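Pasting protein08.csv here (CSV, C-alpha atoms):
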chain,number,residue,atom,x,y,z
N,1,MET,CA,-3.9,10.5,15.9
N,2,ASP,CA,-5.2,8.2,18.6
N,3,ALA,CA,-7.0,4.9,18.1
N,4,LYS,CA,-10.4,6.2,19.2
N,5,ARG,CA,-10.4,8.8,16.4
N,6,VAL,CA,-9.4,6.2,13.8
N,7,VAL,CA,-12.2,3.9,15.0
N,8,ASP,CA,-14.7,6.7,14.9
N,9,LEU,CA,-13.4,7.6,11.4
N,10,VAL,CA,-13.7,4.0,10.1
N,11,TYR,CA,-17.1,3.4,11.7
N,12,TRP,CA,-18.5,6.6,10.1
N,13,ARG,CA,-19.4,8.2,13.5
N,14,ASP,CA,-19.0,11.6,12.0
N,15,VAL,CA,-20.3,11.2,8.4
N,16,LYS,CA,-18.9,14.5,7.2
N,17,THR,CA,-15.4,13.9,8.4
N,18,THR,CA,-15.3,10.3,7.2
N,19,GLY,CA,-16.7,11.3,3.8
N,20,VAL,CA,-14.1,13.9,3.3
N,21,VAL,CA,-11.2,11.6,4.4
N,22,PHE,CA,-12.6,8.6,2.3
N,23,GLY,CA,-13.4,10.7,-0.7
N,24,ALA,CA,-10.0,12.6,-0.7
N,25,SER,CA,-8.1,9.3,-0.2
N,26,LEU,CA,-10.0,7.5,-3.0
N,27,LEU,CA,-9.6,10.5,-5.3
N,28,LEU,CA,-5.9,10.6,-4.6
N,29,LEU,CA,-5.5,6.9,-5.4
N,30,LEU,CA,-7.6,7.1,-8.5
N,31,SER,CA,-5.6,10.1,-9.6
N,32,LEU,CA,-2.4,8.1,-9.1
N,33,MET,CA,-3.9,5.4,-11.4
N,34,ALA,CA,-4.3,7.9,-14.2
N,35,CYS,CA,-1.2,10.2,-13.7
N,36,SER,CA,2.2,10.0,-12.2
N,37,ILE,CA,2.8,10.9,-8.6
N,38,VAL,CA,4.7,14.0,-9.7
N,39,SER,CA,1.7,15.2,-11.7
N,40,VAL,CA,-0.8,14.5,-8.9
N,41,VAL,CA,1.3,16.3,-6.4
N,42,SER,CA,1.7,19.2,-8.8
N,43,TYR,CA,-2.0,19.4,-9.6
N,44,VAL,CA,-2.9,19.3,-5.9
N,45,GLY,CA,-0.3,21.9,-5.1
N,46,LEU,CA,-1.6,24.2,-7.8
N,47,ALA,CA,-5.2,23.7,-6.7
N,48,LEU,CA,-4.3,24.6,-3.1
N,49,LEU,CA,-2.3,27.6,-4.2
N,50,SER,CA,-5.0,28.9,-6.5
N,51,VAL,CA,-7.5,28.8,-3.6
N,52,THR,CA,-5.2,30.4,-1.0
N,53,ILE,CA,-3.9,33.1,-3.5
N,54,SER,CA,-7.5,33.9,-4.5
N,55,PHE,CA,-8.6,34.1,-0.9
N,56,ARG,CA,-5.7,36.4,0.0
N,57,ILE,CA,-6.4,38.7,-3.0
N,58,TYR,CA,-10.2,38.7,-2.1
N,59,LYS,CA,-9.4,39.7,1.5
N,60,GLY,CA,-7.0,42.3,0.4
N,61,ILE,CA,-9.6,43.9,-1.9
N,62,LEU,CA,-12.2,43.7,0.8
N,63,GLN,CA,-9.9,45.4,3.3
N,64,ALA,CA,-9.1,48.2,0.8
N,65,ILE,CA,-12.8,48.8,0.1
N,66,GLN,CA,-13.8,48.7,3.8
N,67,LYS,CA,-10.7,50.6,4.8
N,68,SER,CA,-10.1,48.1,7.6
N,69,ASP,CA,-6.8,46.8,8.9
N,70,GLU,CA,-7.4,43.2,9.6
N,71,GLY,CA,-4.0,42.2,8.4
N,72,HIS,CA,-3.0,38.9,6.7
N,73,PRO,CA,-5.9,36.5,6.5
N,74,PHE,CA,-3.7,33.5,7.3
N,75,ARG,CA,-1.8,35.1,10.2
N,76,GLN,CA,-3.0,32.6,12.8
N,77,TYR,CA,-1.7,29.7,10.7
N,78,LEU,CA,1.6,31.5,9.9
N,79,GLU,CA,2.3,32.0,13.6
N,80,GLU,CA,1.6,28.4,14.6
N,81,GLU,CA,4.5,26.2,15.4
N,82,VAL,CA,4.8,23.4,12.8
N,83,ALA,CA,8.1,21.7,13.9
N,84,LEU,CA,8.1,18.2,15.2
N,85,SER,CA,9.5,17.8,18.7
N,86,GLU,CA,12.3,15.4,19.4
N,87,GLU,CA,10.2,13.5,21.8
N,88,VAL,CA,7.5,12.7,19.2
N,89,VAL,CA,10.1,11.7,16.6
N,90,HIS,CA,11.9,9.4,19.1
N,91,LYS,CA,8.6,7.9,20.3
N,92,TYR,CA,7.5,7.0,16.8
N,93,SER,CA,10.9,6.0,15.5
N,94,ASP,CA,11.2,3.6,18.5
N,95,LEU,CA,7.8,2.1,17.7
N,96,VAL,CA,8.7,1.7,14.0
N,97,LEU,CA,12.1,0.1,15.0
N,98,ALA,CA,10.4,-2.4,17.4
N,99,LYS,CA,7.8,-3.4,14.7
N,100,LEU,CA,10.6,-3.7,12.1
N,101,ASN,CA,12.7,-5.9,14.4
N,102,ARG,CA,9.7,-8.2,15.1
N,103,SER,CA,8.9,-8.4,11.4
N,104,VAL,CA,12.5,-9.3,10.6
N,105,ALA,CA,12.5,-12.0,13.3
N,106,GLU,CA,9.3,-13.4,12.0
N,107,VAL,CA,10.4,-13.5,8.3
N,108,ARG,CA,13.7,-15.2,9.4
N,109,ARG,CA,11.6,-17.8,11.4
N,110,LEU,CA,9.4,-18.5,8.3
N,111,PHE,CA,12.2,-18.7,5.7
N,112,LEU,CA,14.5,-20.8,7.9
N,113,VAL,CA,11.6,-23.2,8.6
N,114,GLU,CA,11.6,-23.1,12.4
N,115,ASP,CA,8.1,-24.5,12.3
N,116,LEU,CA,7.2,-26.5,9.2
N,117,VAL,CA,3.5,-25.8,9.4
N,118,ASP,CA,3.9,-22.1,9.6
N,119,SER,CA,6.5,-22.1,6.7
N,120,LEU,CA,4.1,-24.1,4.6
N,121,LYS,CA,1.3,-21.7,5.3
N,122,PHE,CA,3.6,-18.8,4.3
N,123,ALA,CA,4.5,-20.7,1.1
N,124,ALA,CA,0.9,-21.1,0.3
N,125,LEU,CA,0.2,-17.4,0.9
N,126,MET,CA,3.2,-16.5,-1.3
N,127,TRP,CA,1.8,-18.8,-4.1
N,128,ILE,CA,-1.6,-17.2,-3.8
N,129,LEU,CA,-0.1,-13.7,-3.9
N,130,THR,CA,1.6,-14.6,-7.2
N,131,TYR,CA,-1.9,-15.0,-8.8
N,132,VAL,CA,-3.2,-11.8,-7.0
N,133,GLY,CA,-0.1,-9.9,-8.4
N,134,ALA,CA,-0.8,-11.2,-11.9
N,135,LEU,CA,-4.4,-9.9,-11.7
N,136,PHE,CA,-4.0,-6.5,-9.9
N,137,ASN,CA,-1.3,-3.9,-9.5
N,138,GLY,CA,-0.4,-2.3,-6.2
N,139,LEU,CA,-2.6,0.7,-6.6
N,140,THR,CA,-5.6,-1.4,-7.4
N,141,LEU,CA,-5.0,-3.4,-4.2
N,142,LEU,CA,-4.6,-0.1,-2.3
N,143,ILE,CA,-7.9,1.2,-3.6
N,144,LEU,CA,-9.7,-2.1,-2.8
N,145,GLY,CA,-8.1,-2.0,0.7
N,146,LEU,CA,-9.3,1.6,1.2
N,147,ILE,CA,-12.8,0.7,0.2
N,148,ALA,CA,-12.7,-2.4,2.5
N,149,VAL,CA,-11.4,-0.4,5.5
N,150,PHE,CA,-14.3,2.1,5.2
N,151,SER,CA,-17.0,-0.4,4.4
N,152,CYS,CA,-16.4,-3.7,6.1
N,153,PRO,CA,-16.5,-2.4,9.7
N,154,ILE,CA,-19.8,-0.7,9.3
N,155,VAL,CA,-21.3,-3.7,7.4
N,156,TYR,CA,-20.0,-6.0,10.2
N,157,GLU,CA,-21.5,-3.7,12.9
N,158,LYS,CA,-24.9,-3.8,11.3
N,159,HIS,CA,-25.0,-7.6,10.5
N,160,GLN,CA,-22.7,-8.9,13.3
N,161,ALA,CA,-24.9,-11.9,14.3
N,162,GLN,CA,-25.2,-13.4,10.8
N,163,ILE,CA,-21.6,-12.8,9.9
N,164,ASP,CA,-20.4,-14.4,13.2
N,165,HIS,CA,-22.6,-17.4,12.6
N,166,TYR,CA,-21.2,-18.1,9.1
N,167,LEU,CA,-17.6,-17.3,10.2
N,168,ALA,CA,-17.9,-19.9,13.0
N,169,LEU,CA,-19.2,-22.5,10.4
N,170,VAL,CA,-16.3,-21.8,8.1
N,171,ASN,CA,-13.8,-21.8,10.9
N,172,ASN,CA,-15.0,-25.2,12.1
N,173,GLN,CA,-14.7,-26.6,8.6
N,174,VAL,CA,-11.2,-25.3,8.2
N,175,LYS,CA,-10.1,-26.7,11.6
N,176,ASP,CA,-11.5,-30.1,10.6
N,177,ILE,CA,-9.7,-30.1,7.2
N,178,VAL,CA,-6.4,-28.9,8.8
N,179,GLY,CA,-6.7,-31.6,11.5
N,180,LYS,CA,-7.2,-34.3,8.9
N,181,ILE,CA,-4.2,-33.1,6.8
N,182,GLN,CA,-2.0,-32.9,9.9
N,183,ALA,CA,-3.1,-36.4,11.0
N,184,LYS,CA,-2.2,-37.9,7.5
N,185,VAL,CA,1.0,-36.1,6.7
N,186,PRO,CA,4.0,-37.1,8.8
N,187,GLY,CA,5.9,-34.3,10.5
N,188,MET,CA,3.0,-31.8,10.2
N,189,LYS,CA,1.6,-32.2,13.7
N,190,ARG,CA,1.6,-28.9,15.6
N,191,LYS,CA,3.6,-28.7,18.8
N,192,THR,CA,1.5,-28.5,21.9
N,193,GLU,CA,1.8,-25.0,23.2

Please express what this file holds, its structure, as structure tokens.
Amino acid sequence: MDAKRVVDLVYWRDVKTTGVVFGASLLLLLSLMACSIVSVVSYVGLALLSVTISFRIYKGILQAIQKSDEGHPFRQYLEEEVALSEEVVHKYSDLVLAKLNRSVAEVRRLFLVEDLVDSLKFAALMWILTYVGALFNGLTLLILGLIAVFSCPIVYEKHQAQIDHYLALVNNQVKDIVGKIQAKVPGMKRKTE
């Protein structure tokens, strides 16, 4: 899936496709809140099987009544190649490995306090996340994240001028406060880059 298709999906360019993806994803996550993953996978599998078996039987009866020889209704899908090529697997595994190595290096840098300011920011983030973790479980955060991914871009696109104005005001205030803190606390001045 290329980036343009993802952007089109998130910005609701094709409302039908986005609605199906968003609805199915949200339904899956809400189902996981109520049932175990084994139950959800089993129910989804049973629903798909009941649809395909019913369709196969319906087509078989229709062929018998019309005395036609159309064959298996899913023949074109059964004849398609579904195996992953080695090139695709290597490409994506190399990408995942590169991202993993960068993440490990960044975590090492933060925990071993290469830069005091960055490590303190990371500590503040971890402290905030302890409160978030006490309020929400992982699935709730995934549901909120899914809703945000499908709603924030379109809201930003429609109200970009107002949002940019207020974000600039907040950003200036944060820079002022960080500058004052860095000026008063010894050892917290950023290195000039």

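Of note, atom CA of Leu29 of chain N and atom CA of Ile143 of chain N are spaced 6.4 Å apart.
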
Atomic distance atom CA of Glu79 of chain N - atom CA of Thr18 of chain N, expressed in Å with one decimal =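 Going from atom CA of Glu79 of chain N over to atom CA of Thr18 of chain N, I get 28.7 Å.
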
What is the distance between atom CA of Ala105 of chain N and atom CA of Met126 of chain N, in Å to one decimal?
-> 17.9 Å

Residues within 10 Å of segment 57-61 of chain N, please, as a short mmCIF file (atom, residue, chain, number, x, y, z; two decimals) with C-alpha atoms, in the coordinates of the input. Count all atoms listed in the file; anything in the same chain fewer than 6 positions from it doesn't count.
data_model
loop_
_atom_site.label_atom_id
_atom_site.label_comp_id
_atom_site.auth_asym_id
_atom_site.auth_seq_id
_atom_site.Cartn_x
_atom_site.Cartn_y
_atom_site.Cartn_z
CA VAL N 51 -7.50 28.80 -3.60
CA LYS N 67 -10.70 50.60 4.80
CA SER N 68 -10.10 48.10 7.60
CA ASP N 69 -6.80 46.80 8.90
CA GLU N 70 -7.40 43.20 9.60
CA GLY N 71 -4.00 42.20 8.40
CA HIS N 72 -3.00 38.90 6.70
CA PRO N 73 -5.90 36.50 6.50
#

Which residue gives the smallest distance to Thr17 of chain N among N:Arg5, N:Val104, N:Tyr166, N:Glu86, with only C-alpha atoms counted?
-> N:Arg5

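Within 12 Å of Leu142 of chain N, once only C-alpha atoms are used and residues closer than 6 positions along the same chain are dropped, the contacting residues are Ser25, Leu26, Leu28, Leu29, Leu30, Leu32, Met33, Phe136, Ala148 and Val149 of chain N.
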
Determine the nearest neighbour of Asp8 of chain N from the options N:Leu120, N:Leu110, N:Ile147, N:Ile154, counting all atoms listed in the file.
->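 Nearest candidate to Asp8 of chain N out of N:Leu120, N:Leu110, N:Ile147, N:Ile154: N:Ile154.
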
Counting all atoms listed in the file, the residue of N:Glu80, N:Glu157, N:Asp94, N:Asp164 that sits nearest Trp12 of chain N |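 Closest to Trp12 of chain N, using all atoms listed in the file: N:Glu157.
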